[in-house]
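Below is one structure, written out as structure tokens, with a few remarks after it.
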Amino acid sequence: MTVQEMPAAEETERPKTSAKSVFAGRVAVLVAIVLSALTLRIAVTSLTPLLDEIGSEIGFDSAIVGVFGMLPTAMFAVSGLLTPRLTGRFGLEQVALAAMVMTAVGLGTRAVMSGTAGLLAFSALALGGMGIGNVVIPPLVKRYFSDRLGAVSTVYILCVQIGTMVPAAVAVPAAEAFDWRVSLGMWTLLPVAAALPWISVIASRRGRDTRDGTAAPSADAAGPRGQVWRSPVAWGMAGMFGMTSLITYSMFTWIPKILAEAGASAGFGGSMVALFSAVGFIAAVGAPSLCIRIANPYPVVLACGVSYLIGFAGLLWAPMAAPVLWIVAVGLGPSTFPMSLTLINLRTRTGAGSAALSGFTQGLGYAVACIGPLMFGVLHDVTSGWTWPFVLLLGAVAVVMVAGYVACKPRYLEDSWGAPTA
């Protein structure tokens, strides 16, 4: 059975207005989604290549580096658990706008901080905004583009990858040309730009709601609701997403240190973080379309597991023998990340289901993932080596294999979230 043979998901919301107005409204939403997606990782990858330099200036050690590595997933977890309540009360579009404002304030303010506490606090604010954006974009795609899920999912996941790769690539050169504060603060312009089309979308919807008597934005909460934690679909998704994130953020945080201890420069470490992000382009282009076309994409999950094993072995035993090869292999492993984002919409029938599954998957997934960068660093400090940190990541890969098997089965969340399953 192909995905196309499964029961159709809900239709794109189309307000009762002219075709021209509908088209203009969808274009505005697409622009807003694209710009928002570009912001969803910039607070992470613009910082990690500079942590040694910043730590030397304001004074923190490798333990705090581990805290910075844990902070993104911790804030994404909190956002994942809280965002469904916020969207139910205020609406998807309003919450998306608030997310961009939070991100802009956090990014701009942390760049002028002179102490570790302030840098952590405003990084957390920016990451909280990004975490909210993580959760609201999939149901927004389903709401406005359910007739173009594959194409729009590919576009926004590509934008997430661009927003991951570019800051990592330019962080060190920008800090060398100016200073680390400029390198961090210049990214504030992006969430500011993303906020503008959301303001237009909200104003347009409010006008239509008033004229046409259509549902207010808070109607996103309407429709049948179940208990998402009862569904095996939700647990499979959370396990696959969470362990993928644990591995990904461990690598974001520790690739520079792994390579530095093997003799590489700070600039080379930053370029390898950028390469790790760039490899995600391949997954971002291919994974959504594979999920659309293949009823059960679990073979892709298995291929990701093999890729992880190759990359981890190389980084552990011969990091400078072929570092580009190892980073490419490790970078292909998180193809299960865009798969998860696409499956959030493919494994739900309704907007309410998509929002609930997005919040549960990312809330629980990131809550588990946040221990990754910290434990990776702790195990390195305790053992004075990288063997046990990579054993931790191998355990995460094993969970991805099992959870991915459950998540990839062609079925819907709403079919199993109303009552306990046998």
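Here, A, B, ... name the chains of the structure tokens in the order displayed, residue numbers run from 1 inside each chain, and ligands are numbered from 1 in the same displayed order.
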
Set out as CSV a contact list for stretch 64-162 of chain A and stretch 255-265 of chain A with a cut-off of 12 Å, giving each residue of stretch 64-162 of chain A that qualifies its closest atom pair and distance in Å to one decimal, counting only C-alpha atoms, ordered by chain and rising residue number.
```
residue,atom,partner,partner_atom,distance
A:Val65,CA,A:Lys257,CA,10.6
A:Gly66,CA,A:Lys257,CA,11.5
A:Gly69,CA,A:Ile255,CA,11.6
```

Using only C-alpha atoms, what does the table of stretch 57-116 of chain A residues within 9 Å of stretch 158-182 of chain A look like, with each row giving the shortest atom pair and its distance in Å to one decimal, sorted by chain and ascending number, as CSV?
```
residue,atom,partner,partner_atom,distance
A:Arg110,CA,A:Arg181,CA,8.5
A:Ala111,CA,A:Arg181,CA,4.9
A:Val112,CA,A:Arg181,CA,6.5
A:Met113,CA,A:Arg181,CA,8.8
```

Residue neighbourhood A:Asn296, 8 Å, only C-alpha atoms, exclusion window fewer than 6 positions, as a list in words =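 In the requested form, the answer reads Cys408, Lys409 and Pro410 of chain A.
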
Can those selected residues be exported to a file as a JSON list (two decimals), in the first residue's frame so that it contains N, CA and C atoms?
```
[["chain", "number", "residue", "atom", "x", "y", "z"],
["A", 408, "CYS", "N", 7.56, 4.63, 11.46],
["A", 408, "CYS", "CA", 7.44, 4.57, 10.00],
["A", 408, "CYS", "C", 6.25, 3.75, 9.51],
["A", 409, "LYS", "N", 5.62, 2.97, 10.39],
["A", 409, "LYS", "CA", 4.47, 2.20, 9.94],
["A", 409, "LYS", "C", 3.36, 3.13, 9.43],
["A", 410, "PRO", "N", 2.72, 2.81, 8.30],
["A", 410, "PRO", "CA", 1.70, 3.70, 7.72],
["A", 410, "PRO", "C", 0.38, 3.64, 8.47]]
```

message = For a quick check of understanding, using only C-alpha atoms, which of A:Gly363, A:Gly351, A:Gly118, A:Pro297 has the smallest distance to A:Met75?
response =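 Of all the options, A:Gly363 lies closest to A:Met75.
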
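Closest to A:Leu413 among A:Arg293, A:Arg148, A:Arg230, A:His380 is A:Arg230, based on only C-alpha atoms.
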
ask   = Near stretch 240-243 of chain A, within 8 Å and counting only C-alpha atoms, which residues show up once chain neighbours fewer than 6 positions away are dropped, as a list of chain:residue names?
value = A:Thr336, A:Phe337, A:Ser340, A:Thr361, A:Gln362, A:Leu364, A:Gly365, A:Tyr366, A:Ala367, A:Val368, A:Ala369, A:Ala396, A:Val397, A:Val399, A:Val400, A:Met401, A:Ala403, A:Gly404, A:Ala407

inquiry  = Restricting the calculation to only C-alpha atoms: of A:Ala355, A:Val201, A:Leu332, A:Val378, which residue gets closest to A:Ala284?
reply    = A:Leu332

query = With distances taken over only C-alpha atoms, which of A:Ser123, A:Asn134, A:Ser271, A:Ser46 is nearest to A:Pro84?
reply = A:Asn134

task = Kindly indicate which residue among A:Pro299, A:Gly359, A:Gly311, A:Gly131 lies nearest to A:Ala74, using only C-alpha atoms for the distances.
result = A:Gly131

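Around stretch 149-153 of chain A, within 9 Å and counting only C-alpha atoms, the residues found are Leu30, Pro138, Val141, Lys142, Ala284, Pro288, Ser289, Leu290, Cys291, Ile292, Pro338, Leu341, Thr342, Asn345 and Leu346 of chain A, once anything fewer than 6 positions away on its own chain is removed.
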
Could you please take those selected residues and save C-alpha atoms as a compact mmCIF listing (two decimals), in the first residue's frame?
```txt
# COMPACT_ATOMS: atom_id res chain seq x y z
CA LEU A 30 5.11 30.81 2.64
CA PRO A 138 4.64 21.72 10.82
CA VAL A 141 2.39 23.80 6.72
CA LYS A 142 -0.51 21.38 7.14
CA ALA A 284 16.35 17.80 3.43
CA PRO A 288 10.27 14.51 2.58
CA SER A 289 9.66 13.18 -0.94
CA LEU A 290 10.63 9.65 0.13
CA CYS A 291 8.19 9.82 3.03
CA ILE A 292 5.45 11.02 0.68
CA PRO A 338 13.62 15.74 8.27
CA LEU A 341 9.23 16.58 10.63
CA THR A 342 7.53 15.27 7.49
CA ASN A 345 1.92 15.69 9.05
CA LEU A 346 1.77 12.35 7.23
```

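With only C-alpha atoms taken into account, the protein and nucleic acid residues at most 9 Å from A:Ala329 (excluding it and anything under 2 positions from it in its own chain) are Phe276, Val279, Cys304, Val306, Ser307, Tyr308, Leu309, Ile310, Gly311, Phe312, Val324, Leu325, Trp326, Ile327, Gly331, Leu332 and Gly333 of chain A.
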
Store the residues picked out above in a file with N, CA and C atoms, as a PDB file, in the first residue's frame.
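Below you can see again_30.pdb, which holds the result:
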```
ATOM      1  N   PHE A 276      29.070  19.343   8.459  1.00  0.00           N
ATOM      2  CA  PHE A 276      28.073  18.483   9.101  1.00  0.00           C
ATOM      3  C   PHE A 276      26.664  18.999   8.823  1.00  0.00           C
ATOM      4  N   VAL A 279      25.691  18.671   4.894  1.00  0.00           N
ATOM      5  CA  VAL A 279      25.281  17.346   4.449  1.00  0.00           C
ATOM      6  C   VAL A 279      23.780  17.160   4.649  1.00  0.00           C
ATOM      7  N   CYS A 304      20.591   5.083   7.702  1.00  0.00           N
ATOM      8  CA  CYS A 304      21.129   6.103   8.597  1.00  0.00           C
ATOM      9  C   CYS A 304      21.969   5.474   9.711  1.00  0.00           C
ATOM     10  N   VAL A 306      23.705   2.679   9.581  1.00  0.00           N
ATOM     11  CA  VAL A 306      24.992   2.268   9.010  1.00  0.00           C
ATOM     12  C   VAL A 306      25.912   3.472   8.841  1.00  0.00           C
ATOM     13  N   SER A 307      25.348   4.589   8.381  1.00  0.00           N
ATOM     14  CA  SER A 307      26.134   5.803   8.188  1.00  0.00           C
ATOM     15  C   SER A 307      26.721   6.297   9.508  1.00  0.00           C
ATOM     16  N   TYR A 308      25.907   6.278  10.566  1.00  0.00           N
ATOM     17  CA  TYR A 308      26.418   6.653  11.889  1.00  0.00           C
ATOM     18  C   TYR A 308      27.612   5.784  12.283  1.00  0.00           C
ATOM     19  N   LEU A 309      27.504   4.475  12.108  1.00  0.00           N
ATOM     20  CA  LEU A 309      28.561   3.567  12.532  1.00  0.00           C
ATOM     21  C   LEU A 309      29.870   3.872  11.823  1.00  0.00           C
ATOM     22  N   ILE A 310      29.815   4.163  10.534  1.00  0.00           N
ATOM     23  CA  ILE A 310      31.024   4.491   9.781  1.00  0.00           C
ATOM     24  C   ILE A 310      31.657   5.778  10.314  1.00  0.00           C
ATOM     25  N   GLY A 311      30.837   6.816  10.466  1.00  0.00           N
ATOM     26  CA  GLY A 311      31.362   8.101  10.921  1.00  0.00           C
ATOM     27  C   GLY A 311      31.912   8.062  12.336  1.00  0.00           C
ATOM     28  N   PHE A 312      31.208   7.399  13.240  1.00  0.00           N
ATOM     29  CA  PHE A 312      31.679   7.320  14.625  1.00  0.00           C
ATOM     30  C   PHE A 312      32.998   6.566  14.717  1.00  0.00           C
ATOM     31  N   VAL A 324      36.892  14.667   6.505  1.00  0.00           N
ATOM     32  CA  VAL A 324      35.740  15.039   5.674  1.00  0.00           C
ATOM     33  C   VAL A 324      34.827  13.835   5.473  1.00  0.00           C
ATOM     34  N   LEU A 325      35.408  12.663   5.232  1.00  0.00           N
ATOM     35  CA  LEU A 325      34.609  11.456   5.056  1.00  0.00           C
ATOM     36  C   LEU A 325      33.826  11.126   6.312  1.00  0.00           C
ATOM     37  N   TRP A 326      34.471  11.220   7.472  1.00  0.00           N
ATOM     38  CA  TRP A 326      33.790  10.885   8.731  1.00  0.00           C
ATOM     39  C   TRP A 326      32.637  11.856   8.986  1.00  0.00           C
ATOM     40  N   ILE A 327      32.873  13.139   8.742  1.00  0.00           N
ATOM     41  CA  ILE A 327      31.826  14.134   9.003  1.00  0.00           C
ATOM     42  C   ILE A 327      30.666  13.963   8.030  1.00  0.00           C
ATOM     43  N   GLY A 331      27.030  13.142   9.177  1.00  0.00           N
ATOM     44  CA  GLY A 331      26.015  14.102   8.746  1.00  0.00           C
ATOM     45  C   GLY A 331      24.842  13.479   8.017  1.00  0.00           C
ATOM     46  N   LEU A 332      25.064  12.332   7.372  1.00  0.00           N
ATOM     47  CA  LEU A 332      23.952  11.646   6.704  1.00  0.00           C
ATOM     48  C   LEU A 332      23.061  10.924   7.705  1.00  0.00           C
ATOM     49  N   GLY A 333      23.609  10.558   8.857  1.00  0.00           N
ATOM     50  CA  GLY A 333      22.821   9.843   9.859  1.00  0.00           C
ATOM     51  C   GLY A 333      21.563  10.560  10.290  1.00  0.00           C
TER      52      GLY A 333
END
```

ask   = Using only C-alpha atoms, which of the listed residues (A:Leu81, A:Val136, A:Met272, A:Val233) sits closest to A:Leu343?
value = A:Val233

query = atom CA of A:Met251 and atom CA of A:Asp52, how far apart in Å?
reply =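 Answer for the atom CA of A:Asp52 to atom CA of A:Met251 separation: 15.9 Å.
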